[in-house]
Each structure stands twice: as C-alpha cells, then as structure tokens.
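Undergrad: Contents of work37.txt (compact mmCIF, C-alpha atoms) are given next:
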# COMPACT_ATOMS: atom_id res chain seq x y z
CA MET A 1 108.73 87.40 115.79
CA ARG A 2 106.48 90.46 115.70
CA LEU A 3 105.36 91.91 112.37
CA GLY A 4 103.65 95.23 111.79
CA VAL A 5 101.10 96.04 109.11
CA LEU A 6 99.61 99.34 107.98
CA THR A 7 97.73 100.85 105.06
CA SER A 8 98.83 104.21 103.76
CA GLY A 9 97.63 106.82 101.28
CA GLY A 10 94.29 106.47 99.53
CA ASP A 11 92.21 103.37 100.08
CA ALA A 12 91.69 100.78 97.36
CA PRO A 13 89.48 97.73 96.97
CA GLY A 14 91.32 94.69 98.28
CA MET A 15 93.24 96.39 101.09
CA ASN A 16 91.24 94.49 103.71
CA ALA A 17 91.93 91.23 101.90
CA ALA A 18 95.65 92.07 101.94
CA ILE A 19 95.53 92.89 105.68
CA ARG A 20 93.73 89.61 106.29
CA ALA A 21 96.34 87.68 104.31
CA VAL A 22 99.21 89.30 106.22
CA VAL A 23 97.62 88.56 109.60
CA ARG A 24 96.61 84.99 108.76
CA ALA A 25 99.96 84.11 107.16
CA GLY A 26 101.86 85.71 110.03
CA ILE A 27 99.89 83.80 112.66
CA TYR A 28 100.31 80.56 110.67
CA HIS A 29 104.07 81.13 110.88
CA SER A 30 103.88 81.81 114.66
CA CYS A 31 104.30 85.58 114.39
CA GLN A 32 102.58 88.18 116.52
CA ILE A 33 100.95 90.94 114.46
CA THR A 34 100.66 94.61 115.32
CA GLY A 35 98.41 96.77 113.17
CA PHE A 36 99.04 100.49 112.97
CA ARG A 37 95.93 102.61 112.53
CA ARG A 38 95.94 105.62 110.19
CA GLY A 39 99.01 104.64 108.18
CA LEU A 40 102.39 106.24 108.69
CA ALA A 41 100.85 109.02 110.79
CA GLY A 42 99.48 106.35 113.13
CA LEU A 43 102.87 104.67 113.27
CA LEU A 44 104.50 107.96 114.30
CA ASN A 45 101.74 108.49 116.89
CA ARG A 46 102.07 104.88 118.12
CA GLU A 47 98.47 103.97 117.29
CA ALA A 48 99.17 100.25 117.57
CA GLN A 49 96.72 97.41 118.04
CA GLU A 50 97.28 93.70 118.42
CA MET A 51 95.75 91.68 115.61
CA ASP A 52 94.52 88.11 115.73
CA LEU A 53 92.31 85.90 113.59
CA GLY A 54 89.19 87.46 115.08
CA SER A 55 90.30 90.97 114.12
CA VAL A 56 90.32 90.02 110.44
CA ALA A 57 87.19 87.86 110.40
CA ASP A 58 84.50 88.96 107.95
CA ILE A 59 86.54 91.82 106.44
CA ILE A 60 87.41 90.36 103.06
CA ASN A 61 84.36 91.86 101.31
CA ARG A 62 84.38 95.22 103.10
CA GLY A 63 85.59 98.33 101.32
CA GLY A 64 88.10 100.78 102.69
CA THR A 65 90.58 99.51 105.24
CA ILE A 66 89.88 98.37 108.80
CA LEU A 67 93.19 99.94 109.84
CA HIS A 68 92.15 103.29 108.38
CA THR A 69 94.61 105.27 106.32
CA SER A 70 96.13 108.70 105.92
CA ARG A 71 98.94 110.57 104.29
CA SER A 72 101.72 111.89 106.51
CA GLN A 73 103.66 115.05 105.73
CA GLU A 74 105.49 114.55 109.03
CA PHE A 75 106.86 111.22 107.79
CA LYS A 76 108.01 112.85 104.55
CA ASP A 77 109.64 115.78 106.36
CA ASN A 78 111.63 114.02 109.06
CA GLY A 79 109.80 110.92 110.21
CA VAL A 80 111.86 108.01 108.89
CA GLY A 81 114.17 107.77 111.91
CA ARG A 82 111.29 108.35 114.29
CA ALA A 83 109.21 105.66 112.58
CA ALA A 84 112.09 103.20 112.85
CA GLY A 85 112.35 104.03 116.55
CA CYS A 86 108.62 103.55 117.08
CA LEU A 87 108.80 100.13 115.43
CA ALA A 88 111.74 99.16 117.65
CA ASP A 89 109.91 100.39 120.76
CA GLU A 90 106.87 98.26 119.83
CA GLY A 91 109.13 95.24 119.26
CA VAL A 92 108.22 95.10 115.57
CA GLU A 93 110.93 93.29 113.62
CA GLY A 94 109.42 93.67 110.14
CA LEU A 95 106.76 95.87 108.55
CA VAL A 96 104.26 95.34 105.73
CA ILE A 97 103.04 98.55 104.09
CA ILE A 98 99.97 98.30 101.86
CA GLY A 99 99.44 101.31 99.60
CA GLY A 100 100.28 103.18 96.44
CA GLU A 101 103.25 104.98 94.98
CA GLY A 102 103.91 107.17 98.04
CA SER A 103 103.65 104.17 100.36
CA VAL A 104 106.16 102.23 98.29
CA LYS A 105 108.53 105.21 98.46
CA ALA A 106 108.07 105.33 102.25
CA ALA A 107 108.86 101.60 102.42
CA ALA A 108 112.07 102.22 100.47
CA CYS A 109 113.07 104.98 102.90
CA LEU A 110 112.46 102.69 105.88
CA ALA A 111 114.43 99.92 104.21
CA GLN A 112 117.36 102.30 103.72
CA ALA A 113 117.12 103.06 107.45
CA GLY A 114 117.53 99.34 108.18
CA VAL A 115 113.90 98.34 108.74
CA PRO A 116 112.93 95.02 107.12
CA VAL A 117 109.90 96.05 105.08
CA VAL A 118 107.65 94.64 102.37
CA ALA A 119 105.45 96.90 100.24
CA ILE A 120 102.24 95.55 98.75
CA PRO A 121 101.11 97.86 95.91
CA ALA A 122 97.44 98.74 96.34
CA THR A 123 96.03 101.70 94.44
CA ILE A 124 93.27 102.37 91.94
CA ASP A 125 95.77 104.52 90.03
CA ASN A 126 97.88 101.51 89.02
CA ASP A 127 100.93 103.79 89.02
CA VAL A 128 103.47 101.80 91.04
CA ALA A 129 106.60 101.16 88.98
CA GLU A 130 107.57 97.58 88.14
CA THR A 131 104.04 96.22 88.65
CA ASP A 132 101.55 95.03 86.06
CA ALA A 133 98.46 95.68 88.18
CA CYS A 134 98.06 96.92 91.73
CA ILE A 135 95.51 95.60 94.21
CA GLY A 136 92.35 97.61 93.65
CA PHE A 137 92.89 98.67 90.05
CA ASP A 138 90.89 95.89 88.40
CA THR A 139 87.92 96.38 90.72
CA ALA A 140 87.98 100.16 90.20
CA ALA A 141 88.27 99.84 86.40
CA ASN A 142 85.45 97.30 86.18
CA THR A 143 83.23 99.42 88.43
CA ILE A 144 83.78 102.34 86.05
CA VAL A 145 82.95 100.21 83.00
CA SER A 146 79.76 98.95 84.64
CA SER A 147 78.71 102.45 85.68
CA VAL A 148 79.44 103.95 82.26
CA ASP A 149 77.32 101.22 80.64
CA ARG A 150 74.38 102.21 82.85
CA VAL A 151 74.83 105.92 82.21
CA ARG A 152 75.08 105.27 78.47
CA ASP A 153 71.69 103.54 78.57
CA THR A 154 70.17 106.53 80.36
CA ALA A 155 71.82 109.00 77.96
CA SER A 156 70.44 107.05 75.02
CA ALA A 157 66.93 106.98 76.50
CA LEU A 158 67.03 110.74 77.10
CA GLU A 159 68.78 111.45 73.78
CA ARG A 160 71.39 113.52 75.60
CA GLY A 161 75.12 113.51 76.04
CA PHE A 162 76.64 113.00 79.47
CA VAL A 163 80.09 113.87 80.80
CA ILE A 164 81.60 111.31 83.16
CA GLU A 165 84.57 112.05 85.36
CA VAL A 166 86.48 109.28 87.11
CA MET A 167 89.15 109.38 89.79
CA GLY A 168 92.64 107.99 89.34
CA ARG A 169 95.60 108.27 87.06
CA MET A 170 97.53 105.88 84.86
CA LYS A 171 101.25 105.41 84.85
CA GLN A 172 103.01 106.72 81.78
CA LEU A 173 103.43 104.11 79.09
CA PRO A 174 106.88 103.94 77.51
CA ASP A 175 107.33 105.43 74.04
CA ASN A 176 107.98 102.82 71.35
Do you think you could lay out the structure here as structure tokens?

TA:
Amino acid sequence: MRLGVLTSGGDAPGMNAAIRAVVRAGIYHSCQITGFRRGLAGLLNREAQEMDLGSVADIINRGGTILHTSRSQEFKDNGVGRAAGCLADEGVEGLVIIGGEGSVKAAACLAQAGVPVVAIPATIDNDVAETDACIGFDTAANTIVSSVDRVRDTASALERGFVIEVMGRMKQLPDN
C-alpha cells in the first residue's frame, strides 16, 4: 500500500513530529510513503517525494515542516477532482493531511470525492472543531507565556508599559 502525507496551511510546532510518526508507522506496517511538498498546491503540481526512515531522521526537534507548506486557492476553486486524480496517478491509496481548519475542510472534500484521508489537526490557533487541543497550540501558548514573563521583567525595570501582540485565534467558546 502507498500512503501520501502533506502539511497544509500555516506551520505549527510538532508538524515534523507528526510527519515522522506517519512515515515510521507506515513503514512499520509495510507501506510505501510519498510526501507532497508545499501542501495541496504541491499535490496539484505533483511535487512528490519518496520518504523513508532516513528522510525523517533528526527532524523531531526542528520547527516548521520539512515538507514545506502553502495555502492553495486553486484547490478551493476546482482542485478536489484534480487532486484525487493526482493521488491515483501516483498510486497513493490513502492520504494524511496535517494542518489547521482549512486543511481539515480540504480533507473532508477529498473524502467526499472518495479518497481515503485522515486529517491530523495541527495549528497554533487551536480552532479545529471537535478537538480539545491541536498539535502546536500548547507549544505556542507556552512560548507566549515565557516571552511575556521576560517582557514584564523588562517593563518593570524600566517602569514602563509595553504592548504585546501575539499571532493566532481561539475558537469560539459555547455560551452557557
């Protein structure tokens, strides 16, 4: 069996660990693994690479994603059928998509087109429905806390106020 793996949307801490887990588990179960560079855009452009244990060695602590990532308006516009065809042409029988809310939506579209697909939620935004915490959120939140603690010390020493802006968004909490 041949499995595909890609990362899509914004990067998040832990994406490389997820790629590594997919590749290692797939190989353990006698699967061949094809990685698609640059997310769904790379899938549509057939940017495929064979992955083996060596390709995921020493990546677990690296940031970003070794497969690179992007967003794809082309996939949103009319790419679902084309993506399914690209997977079939590459001999990929199942796909793992690692990414945030948009990536999970793309996985659902591919599933509706008949592609066996698994979505692994990975986003600092923690905004994927039906999940408690996405890969990357805890690391991002703790990095913010650590950084704010350091800035607070500097602000105190200088007797000044500081404004801190962070990236990300939270999913809406239900009204009680």

Undergrad: Compare A:Asn61, A:Ser70, A:Thr143, A:Asn78 by their minimum atom-to-atom distance to Leu110 of chain A, counting all atoms listed in the file, and give me the closest one.

TA: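 With all atoms listed in the file as the atom set, the closest residue is A:Asn78.
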
Undergrad: Please provide as a list in words all residues within 10 Å of Glu101 of chain A, with the sequence filter that same-chain residues fewer than 6 positions apart are discarded (counting only C-alpha atoms).

TA: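 My reading of the contact set: Ser8, Gly9, Ala107, Ala119, Pro121, Ala122, Thr123, Asp125, Asn126, Asp127, Val128 and Ala129 of chain A.
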
Undergrad: With C-alpha atoms retained, could you export that selection as an mmCIF file, in the frame of the given file?

TA:
data_model
loop_
_atom_site.group_PDB
_atom_site.id
_atom_site.type_symbol
_atom_site.label_atom_id
_atom_site.label_comp_id
_atom_site.auth_asym_id
_atom_site.auth_seq_id
_atom_site.Cartn_x
_atom_site.Cartn_y
_atom_site.Cartn_z
ATOM 1 C CA SER A 8 98.830 104.210 103.760
ATOM 2 C CA GLY A 9 97.630 106.820 101.280
ATOM 3 C CA ALA A 107 108.860 101.600 102.420
ATOM 4 C CA ALA A 119 105.450 96.900 100.240
ATOM 5 C CA PRO A 121 101.110 97.860 95.910
ATOM 6 C CA ALA A 122 97.440 98.740 96.340
ATOM 7 C CA THR A 123 96.030 101.700 94.440
ATOM 8 C CA ASP A 125 95.770 104.520 90.030
ATOM 9 C CA ASN A 126 97.880 101.510 89.020
ATOM 10 C CA ASP A 127 100.930 103.790 89.020
ATOM 11 C CA VAL A 128 103.470 101.800 91.040
ATOM 12 C CA ALA A 129 106.600 101.160 88.980
#

Undergrad: Can you tell me how far atom CA of Met1 of chain A sits from atom CA of Asp58 of chain A, in Å to one decimal?

TA: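 Computing the Euclidean distance for atom CA of Met1 of chain A and atom CA of Asp58 of chain A yields 25.5 Å.
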
Undergrad: Would you pick out the contacts of Leu40 of chain A at 10 Å or less, using all atoms listed in the file, so that residues sharing its chain but fewer than 4 positions from it are not included, and give the list as a list of chain:residue names?

TA: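 With the cut-off at 10 Å, the set is A:Leu6, A:Thr7, A:Ser8, A:Gly9, A:Phe36, A:Leu44, A:Asn45, A:Arg46, A:Glu47, A:Thr69, A:Ser70, A:Arg71, A:Ser72, A:Gln73, A:Glu74, A:Phe75, A:Lys76, A:Gly79, A:Val80, A:Ala83, A:Ile97, A:Ser103, A:Ala106.
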
Undergrad: Once you have the residues from the selection above, write them out as a compact mmCIF listing (two decimals), in the coordinates of the input, restricted to C-alpha atoms.

TA:
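Result file follows (selection18.txt):
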# COMPACT_ATOMS: atom_id res chain seq x y z
CA LEU A 6 99.61 99.34 107.98
CA THR A 7 97.73 100.85 105.06
CA SER A 8 98.83 104.21 103.76
CA GLY A 9 97.63 106.82 101.28
CA PHE A 36 99.04 100.49 112.97
CA LEU A 44 104.50 107.96 114.30
CA ASN A 45 101.74 108.49 116.89
CA ARG A 46 102.07 104.88 118.12
CA GLU A 47 98.47 103.97 117.29
CA THR A 69 94.61 105.27 106.32
CA SER A 70 96.13 108.70 105.92
CA ARG A 71 98.94 110.57 104.29
CA SER A 72 101.72 111.89 106.51
CA GLN A 73 103.66 115.05 105.73
CA GLU A 74 105.49 114.55 109.03
CA PHE A 75 106.86 111.22 107.79
CA LYS A 76 108.01 112.85 104.55
CA GLY A 79 109.80 110.92 110.21
CA VAL A 80 111.86 108.01 108.89
CA ALA A 83 109.21 105.66 112.58
CA ILE A 97 103.04 98.55 104.09
CA SER A 103 103.65 104.17 100.36
CA ALA A 106 108.07 105.33 102.25

Undergrad: Find the spatial neighbours of Val22 of chain A, counting only C-alpha atoms, within a cut-off of 10 Å - ignore same-chain residues fewer than 3 positions away - and output them as a list in words.

TA: Leu3, Gly4, Val5, Asn16, Ala17, Ala18, Ile19, Ala25, Gly26, Ile27, Tyr28, Ile33, Val56 and Val96 of chain A

Undergrad: Excluding Val166 of chain A and its own-chain neighbours fewer than 6 positions away, which residues fall within 12 Å of it when counting only C-alpha atoms? Please give them as an NGL selection string.

TA: :A and (124-125 or 140-141 or 143-145 or 147-148)

Undergrad: Between atom CA of Arg38 of chain A and atom CA of Gln112 of chain A, measure the distance and give it in Å to one decimal.

TA: 22.6 Å

Undergrad: Given the point (88.0, 103.7, 105.2) in the coordinates of this file, which residues lie within 10 Å, counting all atoms listed in the file, and how would they look as JSON, numbers by chain?

TA: {"A": [10, 11, 12, 15, 16, 38, 62, 63, 64, 65, 66, 67, 68, 69, 70]}

Undergrad: Quick one: distance from atom CA of Ala133 of chain A to atom CA of Val23 of chain A in Å, one decimal?

TA: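 Atom CA of Val23 of chain A lies at a distance of 22.6 Å from atom CA of Ala133 of chain A.
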
Undergrad: Taking into account all atoms listed in the file, which residue in the set A:Gly81, A:Gly114, A:Gly91, A:Gly39 is nearest to Arg2 of chain A?

TA: A:Gly91

Undergrad: I need the residue nearest Leu95 of chain A from this list: A:Ala111, A:Arg152, A:Val118, A:Ala21. Use only C-alpha atoms for the distance.

TA: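 Ranked by minimum distance to Leu95 of chain A, first place goes to A:Val118.
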
Undergrad: Between A:Glu130, A:Gly100, A:Gly14, A:Lys105, single out the one closest to Arg169 of chain A, counting all atoms listed in the file.

TA: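 Of A:Glu130, A:Gly100, A:Gly14, A:Lys105, the one nearest Arg169 of chain A is A:Gly100, counting all atoms listed in the file.
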
Undergrad: Identify which of the residues A:Ile59, A:Leu158, A:Leu87, A:Ala113 lies closest to Arg20 of chain A, counting only C-alpha atoms when measuring atom-to-atom distances.

TA: A:Ile59

Undergrad: For a quick check of understanding, using all atoms listed in the file, which of A:Ile60, A:Pro13, A:Leu43, A:Asp52 has the smallest distance to Gly85 of chain A?

TA: A:Leu43
